[in-house]
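A quick write-up on the structure given underneath.
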Amino acid sequence: MSHPELRHRTGSDVRRLGLLVIALALAFRIWSLAGSWFFFDDLAFLSTGTNDPLTWHFVGRNYAGHLMPAGWLVIKALATWAPYRWGVWAGVLVVLQAVASLGMLRLLRSMFGETRLVLVLLAGYCFYVFTLPAGLWFAAGINQLPLQVALVFGLHAHLDYLRTRRWQSLAVTLAWTVLGLAFYEKAAILFGFYAILALGWFARGKLTERVTMLWRDYRVGVLAHGAVALPYVAIYLKFGLHGTQPASTLLSSVGYRLVAVAFSTGVIGGPFEWRSMSANSLAAPSDLISLGSWVAVGSLVYYAHSTRTASRRAWSLIAFSLAANVYLLSSARADLVGPDIGLEYRYQTESAAIFVIALGLAFLPLVGAPEVNRLREGVPRPHERPVVIRTVTLIVVAFSLVSSLAYVRNWQDHNPTKPYFDHLASSISATPDKPLPLVDLSLPQNLLWAFGYPENTDSHIFRALDYPVTYPDTSVDRLYAIKDDGELTQAIVLPARSMVGGSGCGYVLHRAPTDIPLDGPVVGGGWWIRMEYGAPRAFAVRIGMGTNTTRMKLPAGAHTAYFKADGSYDTVHLANDAAGRSACITHLVLGNAVAQLPTP
């Protein structure tokens with residue numbers, strides 16, 4: 001790939017064409033985001049950022065194993081100043097991807113010089129599908145995109161340190177790394193990349209000799225990296241890690257899916273076919289495509305080895321990245337959701353960057369490195385003609401766009417969140433007599449899982465939307481709940497307990513308090529009581545449920561009273577004023593207040 005015709009581009013030409021490649025990739029990403037919206041964990045982030053105060057606890061919280069203080073600061077700012085304004089949140093993703101892409105162009109030029117092959121590698125990074133899922137989903141992007149930024153800028157500074165041994169470059173390296181760690185604990189893998197580059201290209205001899213050389217020549221850097229890495233690992237082990245040691249069978253199952261299916265097909269422009277999981281999709285290439293990708297990757301590795309003197313060490317970068325991903329997924333996620341999680345590209349977003357860097361190192365000499373990757377003398381290189389390289393690059397980019405377009409269309413067409421919110425807004429608008437009393441239920445499970453309670457409740461989720469609704473403890477005649485499709489409807493109290501006894505119209509209220517026994521004991525919270533009554537006059541009543549008490553003013557006539565009924569008791573105690581004498585309680589049931597009857 002070092003044909004003389006490929007190396008005559010000036011720095012300005014490579015920079016200009018590189019910017020064009022980045023602009024085209026960002027245009028596709030902007031189009032993809034324009035048809036997207038908030039999804040799943042995004043709602044939990046919105047709810048948390050809207051309802052929780054900015055404290056040390058807020059920024060230091062563990063979210064599904066993630067420690068992300070800088071991410072929480074961004075979420076807090078967006079939830080405060082631009083809640084539910086998708087364009088602003090999507091704009092953050094675009095900016096982060098733009099910064100990462102510009103950093104990649106800068107890094108590749110620094111590593112390999114002003115060669116047209118930089119554009120080939122940059123095109124792979126920009127158009128491979130690896131970065132797409134995290135680039136469309138804010139909850140993933142706020143972790144993954146800063147990691148990419150830290151990776152490319154950290155590696156650039158690290159290489160400068162290895163070349164010059166300037167402490168300023170070392171400080172910049174660690175600063176970018178700490179920034180990445182502040183968004184995503186997985187940025188700790190950067191220390192592995194730094195070590196591999198130093199051992200593979202800036203030291204000589206056997207492994208023990210290389211380690212000795214690094215300690216001799218870069219002792220300050222080794223100590224500085226250890227001073228950052230070791231305390232962070234200790235902090236994460238204490239406050240963030242919730243994984244377990246994975247079984248070998250799980251490791252192999254996840255590894256096969258992540259490496260031999262998702263990764264291998266991704267680097268040839270795949271996976272081409274997807275398995276839809278709501279808005280998300282899993283790689284689902286055919287066996288023939290998977291086999292073809294193995295042949296292509298194997299041939300690439302073999303060709304690099306047969307034509308270059310020091311290519312094999314280059315693949316250690318991507319091997320380390322993939323091994324780390326397999327282990328992390330197996331220990332922290334796969335035991336809960338199964339090995340198919342290895343088919344999700346958002347768990348190996350950095351593969352796009354690491355693969356193109358490894359590819360460059362396998363074929364090109366690293367500028368300024370003592371260990372030089374040279375061409376093998378007398379070995380023909382028929383596949384490195386400019387026309388061949390251009391054709392292969394265009395094919396891979398075209399394939400990647402086809403795969404990406406299929407993913408984006410599914411993401412845009414099957415995100416249930418926007419239709420739910422749109423239906424709810426129109427339903428609220430069409431319902432008279434605002435504000436509307438609403439049962440504070442949880443979002444449907446396809447919008448946000450219940451483990452996020454109370455961030456998944458209506459009162460938390462809708463707070464920033466200023467809907468004309470209230471979440472009362474009591475209501476008369478009207479009590480609404482939201483159906484799974486976002487339609488507002490009269491709440492239904494599913495009977496778990498009912499009143500027993502009574503005669504004539506039921507229980508007639510007198511001067512003395514009235515006890516209404518239930519057909520079983522009540523324990524816990526989340527209950528509502530639906531009480532039907534008739535009264536000649538409006539009256540006030542104090543309702544006792546064990547140690548809890550509720551007061552209501554009830555209008556004259558035949559009405560239905562709703563009130564929360566938490567506690568431990570088996571009798572409802574009614575103490576009415578004088579105006580309530582001769583009022584009649586005709587029906588009383590206790591249960592969960594829901595929007596619709598459960599499907600039989």
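We name chains A, B, ... following the order of the structure tokens; residues begin at 1 in each chain, and ligands are numbered from 1 as shown.
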**OP:** Please provide the set of residues having any atom within 10 Å of Leu328 (chain A), restricted to only C-alpha atoms, with same-chain residues fewer than 2 positions apart removed, written as JSON, numbers by chain.
**Re:** {"A": [186, 243, 244, 245, 246, 251, 322, 323, 324, 325, 326, 330, 331, 332, 333, 334, 347]}
If you count only C-alpha atoms, which residues fall within 12 Å of region 431-441 of chain A, apart from same-chain ones fewer than 3 positions away, as a CSV table (one decimal) with N, CA and C atoms, in the first residue's frame?
chain,number,residue,atom,x,y,z
A,424,LEU,N,-50.2,10.9,23.7
A,424,LEU,CA,-50.6,11.4,25.1
A,424,LEU,C,-50.9,12.9,25.0
A,425,ALA,N,-50.1,13.7,24.3
A,425,ALA,CA,-50.3,15.1,24.2
A,425,ALA,C,-51.6,15.5,23.6
A,426,SER,N,-52.0,14.8,22.5
A,426,SER,CA,-53.3,15.0,21.8
A,426,SER,C,-54.4,14.5,22.7
A,427,SER,N,-54.2,13.5,23.5
A,427,SER,CA,-55.3,13.0,24.3
A,427,SER,C,-55.5,13.9,25.5
A,428,ILE,N,-54.5,14.4,26.1
A,428,ILE,CA,-54.6,15.4,27.1
A,428,ILE,C,-55.3,16.7,26.6
A,444,PRO,N,-44.9,2.3,30.3
A,444,PRO,CA,-44.9,0.9,29.8
A,444,PRO,C,-43.5,0.3,29.7
A,445,GLN,N,-43.4,-1.0,29.9
A,445,GLN,CA,-42.1,-1.6,29.9
A,445,GLN,C,-41.3,-1.5,28.6
A,450,ALA,N,-38.8,-1.1,34.7
A,450,ALA,CA,-39.3,-0.6,36.1
A,450,ALA,C,-38.1,-0.5,37.1
A,453,TYR,N,-37.3,2.8,38.9
A,453,TYR,CA,-38.2,3.5,39.8
A,453,TYR,C,-37.4,4.4,40.8
A,454,PRO,N,-37.9,5.6,41.1
A,454,PRO,CA,-39.1,6.3,40.6
A,454,PRO,C,-39.0,7.1,39.3
A,455,GLU,N,-37.8,7.0,38.7
A,455,GLU,CA,-37.6,7.8,37.5
A,455,GLU,C,-38.5,7.4,36.3
A,456,ASN,N,-39.1,6.2,36.4
A,456,ASN,CA,-39.9,5.8,35.3
A,456,ASN,C,-41.4,6.1,35.6
A,457,THR,N,-41.7,6.9,36.6
A,457,THR,CA,-43.1,7.2,36.9
A,457,THR,C,-43.5,8.5,36.1
A,458,ASP,N,-44.8,8.6,35.9
A,458,ASP,CA,-45.4,9.7,35.1
A,458,ASP,C,-45.0,11.0,35.7
A,459,SER,N,-45.1,11.2,37.0
A,459,SER,CA,-44.8,12.4,37.6
A,459,SER,C,-43.4,12.9,37.4
A,460,HIS,N,-42.4,11.9,37.3
A,460,HIS,CA,-41.0,12.3,37.1
A,460,HIS,C,-40.8,12.5,35.6
A,461,ILE,N,-41.3,11.6,34.7
A,461,ILE,CA,-41.1,11.7,33.3
A,461,ILE,C,-41.7,13.0,32.7
A,462,PHE,N,-42.9,13.3,33.1
A,462,PHE,CA,-43.6,14.4,32.4
A,462,PHE,C,-43.4,15.8,33.1
A,463,ARG,N,-42.6,15.8,34.1
A,463,ARG,CA,-42.4,17.1,34.9
A,463,ARG,C,-42.0,18.2,34.0
A,466,ASP,N,-44.8,20.2,31.4
A,466,ASP,CA,-45.8,21.1,31.9
A,466,ASP,C,-47.2,20.7,31.4
A,467,TYR,N,-47.5,19.4,31.4
A,467,TYR,CA,-48.8,19.0,31.0
A,467,TYR,C,-49.8,19.5,32.1
A,468,PRO,N,-51.1,19.8,31.7
A,468,PRO,CA,-52.1,20.3,32.7
A,468,PRO,C,-52.6,19.1,33.5
A,469,VAL,N,-51.8,18.4,34.2
A,469,VAL,CA,-52.2,17.3,35.0
A,469,VAL,C,-51.8,17.4,36.4
A,470,THR,N,-52.4,16.8,37.3
A,470,THR,CA,-52.0,16.7,38.8
A,470,THR,C,-51.9,15.2,39.2
A,471,TYR,N,-51.3,15.0,40.3
A,471,TYR,CA,-51.1,13.6,40.8
A,471,TYR,C,-51.7,13.6,42.2
A,472,PRO,N,-53.0,13.6,42.4
A,472,PRO,CA,-53.6,13.8,43.7
A,472,PRO,C,-53.6,12.5,44.5
A,473,ASP,N,-53.8,12.7,45.8
A,473,ASP,CA,-54.1,11.5,46.6
A,473,ASP,C,-55.6,11.2,46.7
A,474,THR,N,-56.4,12.2,46.3
A,474,THR,CA,-57.8,12.0,46.3
A,474,THR,C,-58.5,12.6,45.1
A,475,SER,N,-59.6,12.1,44.7
A,475,SER,CA,-60.3,12.8,43.6
A,475,SER,C,-61.8,12.3,43.6
A,476,VAL,N,-62.7,13.1,43.0
A,476,VAL,CA,-64.1,12.7,42.9
A,476,VAL,C,-64.5,12.6,41.5
A,477,ASP,N,-65.0,11.5,41.2
A,477,ASP,CA,-65.6,11.1,39.9
A,477,ASP,C,-64.6,11.0,38.8
A,478,ARG,N,-63.5,11.8,38.7
A,478,ARG,CA,-62.6,11.7,37.7
A,478,ARG,C,-61.2,11.3,38.2
A,479,LEU,N,-60.7,10.3,37.6
A,479,LEU,CA,-59.3,9.8,37.9
A,479,LEU,C,-58.8,9.1,36.6
A,480,TYR,N,-57.8,9.7,36.1
A,480,TYR,CA,-57.3,9.2,34.8
A,480,TYR,C,-56.0,8.4,34.9
A,481,ALA,N,-55.8,7.5,33.9
A,481,ALA,CA,-54.6,6.8,33.8
A,481,ALA,C,-54.2,6.7,32.3
A,482,ILE,N,-53.0,6.4,32.0
A,482,ILE,CA,-52.5,6.4,30.6
A,482,ILE,C,-52.3,5.0,30.1
A,483,LYS,N,-52.9,4.7,29.0
A,483,LYS,CA,-52.8,3.4,28.4
A,483,LYS,C,-51.4,3.2,27.8
A,484,ASP,N,-51.1,2.0,27.4
A,484,ASP,CA,-49.8,1.7,26.9
A,484,ASP,C,-49.5,2.4,25.6
A,487,GLU,N,-52.8,6.8,25.3
A,487,GLU,CA,-54.2,7.4,25.4
A,487,GLU,C,-54.6,7.6,26.8
A,488,LEU,N,-55.1,8.8,27.1
A,488,LEU,CA,-55.6,9.1,28.5
A,488,LEU,C,-57.0,8.5,28.6
A,489,THR,N,-57.3,7.8,29.7
A,489,THR,CA,-58.6,7.2,29.9
A,489,THR,C,-58.9,7.2,31.4
A,490,GLN,N,-60.2,7.0,31.7
A,490,GLN,CA,-60.7,6.9,33.1
A,490,GLN,C,-60.0,5.7,33.7
A,491,ALA,N,-59.5,5.9,34.9
A,491,ALA,CA,-58.8,4.8,35.6
A,491,ALA,C,-59.8,3.7,36.1
A,492,ILE,N,-59.3,2.5,36.1
A,492,ILE,CA,-60.0,1.4,36.6
A,492,ILE,C,-59.3,0.8,37.8
A,493,VAL,N,-60.1,0.6,38.9
A,493,VAL,CA,-59.5,0.0,40.1
A,493,VAL,C,-59.8,-1.5,40.1
A,526,GLY,N,-49.3,1.5,47.1
A,526,GLY,CA,-49.7,1.5,45.7
A,526,GLY,C,-51.2,1.2,45.5
A,527,TRP,N,-52.0,1.1,46.6
A,527,TRP,CA,-53.4,0.8,46.5
A,527,TRP,C,-54.2,2.0,46.3
A,528,TRP,N,-55.4,1.9,45.6
A,528,TRP,CA,-56.4,2.9,45.6
A,528,TRP,C,-57.7,2.3,46.0
A,562,TYR,N,-62.3,8.6,44.9
A,562,TYR,CA,-61.1,7.8,44.7
A,562,TYR,C,-60.1,8.4,45.8
A,563,PHE,N,-59.4,7.5,46.4
A,563,PHE,CA,-58.3,7.9,47.3
A,563,PHE,C,-57.3,6.8,47.5
A,564,LYS,N,-56.0,7.3,47.7
A,564,LYS,CA,-55.0,6.3,48.0
A,564,LYS,C,-55.2,5.6,49.2
A,592,ASN,N,-55.4,-2.0,42.5
A,592,ASN,CA,-54.5,-1.2,41.7
A,592,ASN,C,-55.3,-0.4,40.7
A,593,ALA,N,-55.0,0.9,40.6
A,593,ALA,CA,-55.6,1.8,39.6
A,593,ALA,C,-54.8,1.7,38.3
A,594,VAL,N,-55.5,1.3,37.3
A,594,VAL,CA,-54.8,1.0,36.0
A,594,VAL,C,-55.6,1.7,34.9
A,595,ALA,N,-55.0,1.7,33.7
A,595,ALA,CA,-55.7,2.3,32.6
A,595,ALA,C,-56.6,1.4,31.8
**OP:** Extract, using only C-alpha atoms, all DNA, RNA and protein residues at most 9 Å from Val267 (chain A), discarding same-chain residues fewer than 4 positions from it, and format them as a list in words.
**Re:** Gly124, Tyr128, Val129, Phe130, Ala262, Phe263, Pro271, Ser293, Val297, Ala352, Phe355, Val396 and Ser400 of chain A
Write the selection just made, keeping N, CA and C atoms, as a PDB file, in the first residue's frame?
ATOM      1  N   GLY A 124     -12.931   4.326   6.476  1.00  0.00           N
ATOM      2  CA  GLY A 124     -13.394   3.174   7.245  1.00  0.00           C
ATOM      3  C   GLY A 124     -13.930   3.586   8.595  1.00  0.00           C
ATOM      4  N   TYR A 128     -17.915   2.868   8.836  1.00  0.00           N
ATOM      5  CA  TYR A 128     -18.230   1.573   9.442  1.00  0.00           C
ATOM      6  C   TYR A 128     -19.431   1.706  10.366  1.00  0.00           C
ATOM      7  N   VAL A 129     -20.202   0.629  10.476  1.00  0.00           N
ATOM      8  CA  VAL A 129     -21.424   0.652  11.268  1.00  0.00           C
ATOM      9  C   VAL A 129     -21.149   0.655  12.769  1.00  0.00           C
ATOM     10  N   PHE A 130     -19.910   0.363  13.173  1.00  0.00           N
ATOM     11  CA  PHE A 130     -19.604   0.236  14.599  1.00  0.00           C
ATOM     12  C   PHE A 130     -20.026   1.456  15.407  1.00  0.00           C
ATOM     13  N   ALA A 262     -20.361 -10.293  14.485  1.00  0.00           N
ATOM     14  CA  ALA A 262     -20.544  -8.845  14.378  1.00  0.00           C
ATOM     15  C   ALA A 262     -19.283  -8.145  13.869  1.00  0.00           C
ATOM     16  N   PHE A 263     -18.144  -8.382  14.515  1.00  0.00           N
ATOM     17  CA  PHE A 263     -16.929  -7.668  14.126  1.00  0.00           C
ATOM     18  C   PHE A 263     -16.471  -8.035  12.723  1.00  0.00           C
ATOM     19  N   PRO A 271     -23.223  -5.609   8.841  1.00  0.00           N
ATOM     20  CA  PRO A 271     -23.573  -7.027   8.669  1.00  0.00           C
ATOM     21  C   PRO A 271     -24.585  -7.288   7.559  1.00  0.00           C
ATOM     22  N   SER A 293     -16.588 -13.097   5.391  1.00  0.00           N
ATOM     23  CA  SER A 293     -15.844 -12.123   6.192  1.00  0.00           C
ATOM     24  C   SER A 293     -14.613 -12.770   6.837  1.00  0.00           C
ATOM     25  N   VAL A 297     -10.935 -11.302   6.197  1.00  0.00           N
ATOM     26  CA  VAL A 297     -10.060 -10.863   7.286  1.00  0.00           C
ATOM     27  C   VAL A 297      -8.807 -11.724   7.339  1.00  0.00           C
ATOM     28  N   ALA A 352     -14.179   0.475  15.392  1.00  0.00           N
ATOM     29  CA  ALA A 352     -13.943   1.205  14.141  1.00  0.00           C
ATOM     30  C   ALA A 352     -12.596   1.911  14.180  1.00  0.00           C
ATOM     31  N   PHE A 355      -9.560  -0.774  14.666  1.00  0.00           N
ATOM     32  CA  PHE A 355      -9.284  -1.593  13.493  1.00  0.00           C
ATOM     33  C   PHE A 355      -8.542  -0.802  12.423  1.00  0.00           C
ATOM     34  N   VAL A 396     -16.435  -1.132   0.207  1.00  0.00           N
ATOM     35  CA  VAL A 396     -16.652  -1.282   1.650  1.00  0.00           C
ATOM     36  C   VAL A 396     -17.499  -0.133   2.188  1.00  0.00           C
ATOM     37  N   SER A 400     -21.139  -0.499   3.791  1.00  0.00           N
ATOM     38  CA  SER A 400     -21.393   0.048   5.132  1.00  0.00           C
ATOM     39  C   SER A 400     -22.600   0.961   5.134  1.00  0.00           C
TER      40      SER A 400
END
Original post:
What separation in Å, quoted to one decimal, exists between CA of Ala198 (chain A) and CA of Met213 (chain A)?
Top reply: 10.0 Å
**OP:** In Å, rounded to a single decimal, give me how far CA of Leu336 (chain A) is from CA of Phe193 (chain A).
**Re:**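 Between CA of Phe193 (chain A) and CA of Leu336 (chain A) the gap works out to 29.1 Å.
Shortest separation to Asp160 (chain A) among A:Val500, A:Leu107, A:Val372, A:Ala304 occurs at residue A:Leu107, atoms counted being only C-alpha atoms.
Restricting the calculation to only C-alpha atoms, the smallest distance between Asp340 (chain A) and any of A:Gly255, A:Gly292, A:Pro365, A:Gly71 is found for A:Gly255.
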Original post:
In Å, with one decimal, what is the gap from CA of Ile585 (chain A) to CA of Met531 (chain A)?
Top reply: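 Interatomic distance, CA of Ile585 (chain A) to CA of Met531 (chain A): 7.1 Å.
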Subject >> Exercise: region 89-92 of chain A partners within 12 Å, only C-alpha atoms, chain neighbours under 3 positions left out, as a PyMOL selection string >> reply: chain A and resi 26+29-39+42+45-46+71+74-86+95-99+134-139+141-142+145-146
Write out the residues from the selection above, keeping N, CA and C atoms, as a compact mmCIF listing (two decimals), in the first residue's frame.
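Output saved as part.txt:
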# COMPACT_ATOMS: atom_id res chain seq x y z
N LEU A 26 -20.81 12.95 8.47
CA LEU A 26 -21.64 13.70 9.42
C LEU A 26 -22.99 14.05 8.80
N ARG A 29 -25.08 11.13 9.34
CA ARG A 29 -25.43 11.02 10.75
C ARG A 29 -26.50 12.04 11.14
N ILE A 30 -26.40 13.25 10.63
CA ILE A 30 -27.41 14.27 10.93
C ILE A 30 -28.77 13.85 10.38
N TRP A 31 -28.78 13.33 9.16
CA TRP A 31 -30.05 12.85 8.59
C TRP A 31 -30.63 11.73 9.46
N SER A 32 -29.77 10.83 9.91
CA SER A 32 -30.24 9.72 10.74
C SER A 32 -30.83 10.23 12.05
N LEU A 33 -30.19 11.20 12.66
CA LEU A 33 -30.66 11.75 13.94
C LEU A 33 -31.92 12.58 13.76
N ALA A 34 -32.09 13.18 12.60
CA ALA A 34 -33.27 14.02 12.37
C ALA A 34 -34.56 13.21 12.46
N GLY A 35 -34.49 11.94 12.12
CA GLY A 35 -35.68 11.08 12.21
C GLY A 35 -35.72 10.25 13.47
N SER A 36 -34.84 10.55 14.41
CA SER A 36 -34.78 9.79 15.65
C SER A 36 -35.46 10.59 16.77
N TRP A 37 -35.45 10.03 17.97
CA TRP A 37 -35.97 10.71 19.15
C TRP A 37 -35.42 10.01 20.38
N PHE A 38 -35.82 10.46 21.55
CA PHE A 38 -35.38 9.84 22.80
C PHE A 38 -35.85 8.39 22.85
N PHE A 39 -35.03 7.53 23.47
CA PHE A 39 -35.36 6.11 23.53
C PHE A 39 -34.88 5.52 24.84
N ASP A 42 -32.69 7.08 27.66
CA ASP A 42 -32.76 8.54 27.51
C ASP A 42 -33.82 9.13 28.44
N PHE A 45 -32.56 9.27 31.93
CA PHE A 45 -31.63 10.39 32.08
C PHE A 45 -32.38 11.71 32.16
N LEU A 46 -33.38 11.87 31.30
CA LEU A 46 -34.20 13.09 31.33
C LEU A 46 -34.89 13.23 32.68
N GLY A 71 -20.73 12.78 32.28
CA GLY A 71 -21.97 12.53 31.54
C GLY A 71 -23.18 13.06 32.29
N VAL A 74 -23.48 16.80 31.83
CA VAL A 74 -24.07 17.14 30.54
C VAL A 74 -25.57 16.89 30.56
N ILE A 75 -25.98 15.76 31.13
CA ILE A 75 -27.41 15.43 31.21
C ILE A 75 -28.15 16.46 32.03
N LYS A 76 -27.58 16.87 33.15
CA LYS A 76 -28.22 17.87 34.00
C LYS A 76 -28.41 19.18 33.25
N ALA A 77 -27.39 19.60 32.51
CA ALA A 77 -27.49 20.84 31.75
C ALA A 77 -28.57 20.74 30.67
N LEU A 78 -28.59 19.64 29.94
CA LEU A 78 -29.58 19.49 28.87
C LEU A 78 -30.99 19.35 29.43
N ALA A 79 -31.15 18.58 30.52
CA ALA A 79 -32.48 18.41 31.11
C ALA A 79 -33.00 19.71 31.71
N THR A 80 -32.09 20.59 32.12
CA THR A 80 -32.50 21.87 32.71
C THR A 80 -32.84 22.89 31.65
N TRP A 81 -32.02 22.97 30.62
CA TRP A 81 -32.18 24.05 29.63
C TRP A 81 -32.87 23.62 28.34
N ALA A 82 -32.89 22.33 28.05
CA ALA A 82 -33.51 21.89 26.80
C ALA A 82 -34.20 20.55 26.97
N PRO A 83 -35.10 20.42 27.95
CA PRO A 83 -35.77 19.14 28.16
C PRO A 83 -36.66 18.78 26.96
N TYR A 84 -36.57 17.56 26.52
CA TYR A 84 -37.38 17.03 25.43
C TYR A 84 -37.19 17.79 24.11
N ARG A 85 -36.12 18.54 23.99
CA ARG A 85 -35.78 19.17 22.71
C ARG A 85 -34.72 18.29 22.05
N TRP A 86 -35.20 17.35 21.28
CA TRP A 86 -34.33 16.34 20.71
C TRP A 86 -33.22 16.95 19.85
N VAL A 95 -21.76 16.89 17.51
CA VAL A 95 -20.52 17.60 17.85
C VAL A 95 -19.46 16.63 18.34
N LEU A 96 -19.84 15.71 19.21
CA LEU A 96 -18.88 14.74 19.72
C LEU A 96 -18.32 13.87 18.60
N GLN A 97 -19.19 13.43 17.69
CA GLN A 97 -18.71 12.62 16.57
C GLN A 97 -17.81 13.43 15.65
N ALA A 98 -18.14 14.70 15.45
CA ALA A 98 -17.30 15.56 14.62
C ALA A 98 -15.92 15.72 15.24
N VAL A 99 -15.88 15.95 16.54
CA VAL A 99 -14.59 16.10 17.22
C VAL A 99 -13.78 14.81 17.13
N ALA A 134 -24.38 3.91 18.84
CA ALA A 134 -24.12 4.88 19.90
C ALA A 134 -24.28 6.30 19.39
N GLY A 135 -24.11 6.51 18.09
CA GLY A 135 -24.27 7.85 17.54
C GLY A 135 -25.71 8.28 17.39
N LEU A 136 -26.65 7.32 17.46
CA LEU A 136 -28.08 7.65 17.35
C LEU A 136 -28.79 7.66 18.71
N TRP A 137 -28.24 6.97 19.66
CA TRP A 137 -28.89 6.79 20.97
C TRP A 137 -28.11 7.60 21.99
N PHE A 138 -28.73 8.63 22.54
CA PHE A 138 -28.01 9.53 23.43
C PHE A 138 -27.45 8.79 24.64
N ALA A 139 -28.24 7.90 25.21
CA ALA A 139 -27.81 7.21 26.43
C ALA A 139 -26.53 6.42 26.20
N GLY A 141 -24.44 7.15 23.45
CA GLY A 141 -23.48 8.10 22.89
C GLY A 141 -22.77 8.93 23.93
N ILE A 142 -23.44 9.27 25.04
CA ILE A 142 -22.81 10.11 26.05
C ILE A 142 -21.69 9.36 26.76
N LEU A 145 -19.12 8.13 22.72
CA LEU A 145 -18.48 9.15 21.88
C LEU A 145 -17.35 9.87 22.61
N PRO A 146 -17.49 10.25 23.88
CA PRO A 146 -16.33 10.80 24.57
C PRO A 146 -15.17 9.81 24.65
**OP:** With a distance cut-off of 12 Å and only C-alpha atoms, select the neighbouring residues of Thr265 (chain A), excluding the residue or stretch itself and same-chain residues fewer than 6 positions from it, and output the selection as a PyMOL selection string.
**Re:** chain A and resi 128-130+257-259+271-274+283-297+343+345+396+399-400+403
File dump, residues just selected, C-alpha atoms, as a CSV table (one decimal), in the first residue's frame:
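What follows is the written file again-v7.csv:
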chain,number,residue,atom,x,y,z
A,128,TYR,CA,-18.2,1.6,9.4
A,129,VAL,CA,-21.4,0.7,11.3
A,130,PHE,CA,-19.6,0.2,14.6
A,257,ARG,CA,-21.0,-13.6,18.4
A,258,LEU,CA,-19.0,-10.4,19.0
A,259,VAL,CA,-15.9,-11.4,17.1
A,271,PRO,CA,-23.6,-7.0,8.7
A,272,PHE,CA,-26.0,-6.4,5.8
A,273,GLU,CA,-28.9,-8.0,7.7
A,274,TRP,CA,-30.4,-7.2,11.1
A,283,ALA,CA,-26.3,-8.1,13.6
A,284,ALA,CA,-27.8,-11.1,11.8
A,285,PRO,CA,-25.7,-11.8,8.7
A,286,SER,CA,-26.2,-15.0,6.8
A,287,ASP,CA,-23.7,-17.9,7.3
A,288,LEU,CA,-22.4,-17.2,3.8
A,289,ILE,CA,-21.6,-13.6,4.7
A,290,SER,CA,-19.9,-14.6,7.9
A,291,LEU,CA,-17.8,-17.1,6.1
A,292,GLY,CA,-16.9,-14.6,3.5
A,293,SER,CA,-15.8,-12.1,6.2
A,294,TRP,CA,-13.6,-14.7,7.8
A,295,VAL,CA,-11.9,-15.4,4.5
A,296,ALA,CA,-11.5,-11.6,3.8
A,297,VAL,CA,-10.1,-10.9,7.3
A,343,LEU,CA,-24.3,-8.9,18.4
A,345,TYR,CA,-22.4,-3.0,17.9
A,396,VAL,CA,-16.7,-1.3,1.6
A,399,PHE,CA,-21.7,-1.8,1.8
A,400,SER,CA,-21.4,0.0,5.1
A,403,SER,CA,-26.0,-1.8,6.4
Subject >> helix (DSSP H, G or I) per DSSP on the backbone: members of region 292-373 of chain A, as a ChimeraX atom specification >> reply: /A:292-307,312-332,334-337,339-343,345-348,351-363
Original post:
When distances are computed from only C-alpha atoms, which of A:Thr560, A:Gln412, A:Thr131, A:Thr307 shows the smallest separation from Glu344 (chain A)?
Top reply: A:Thr131
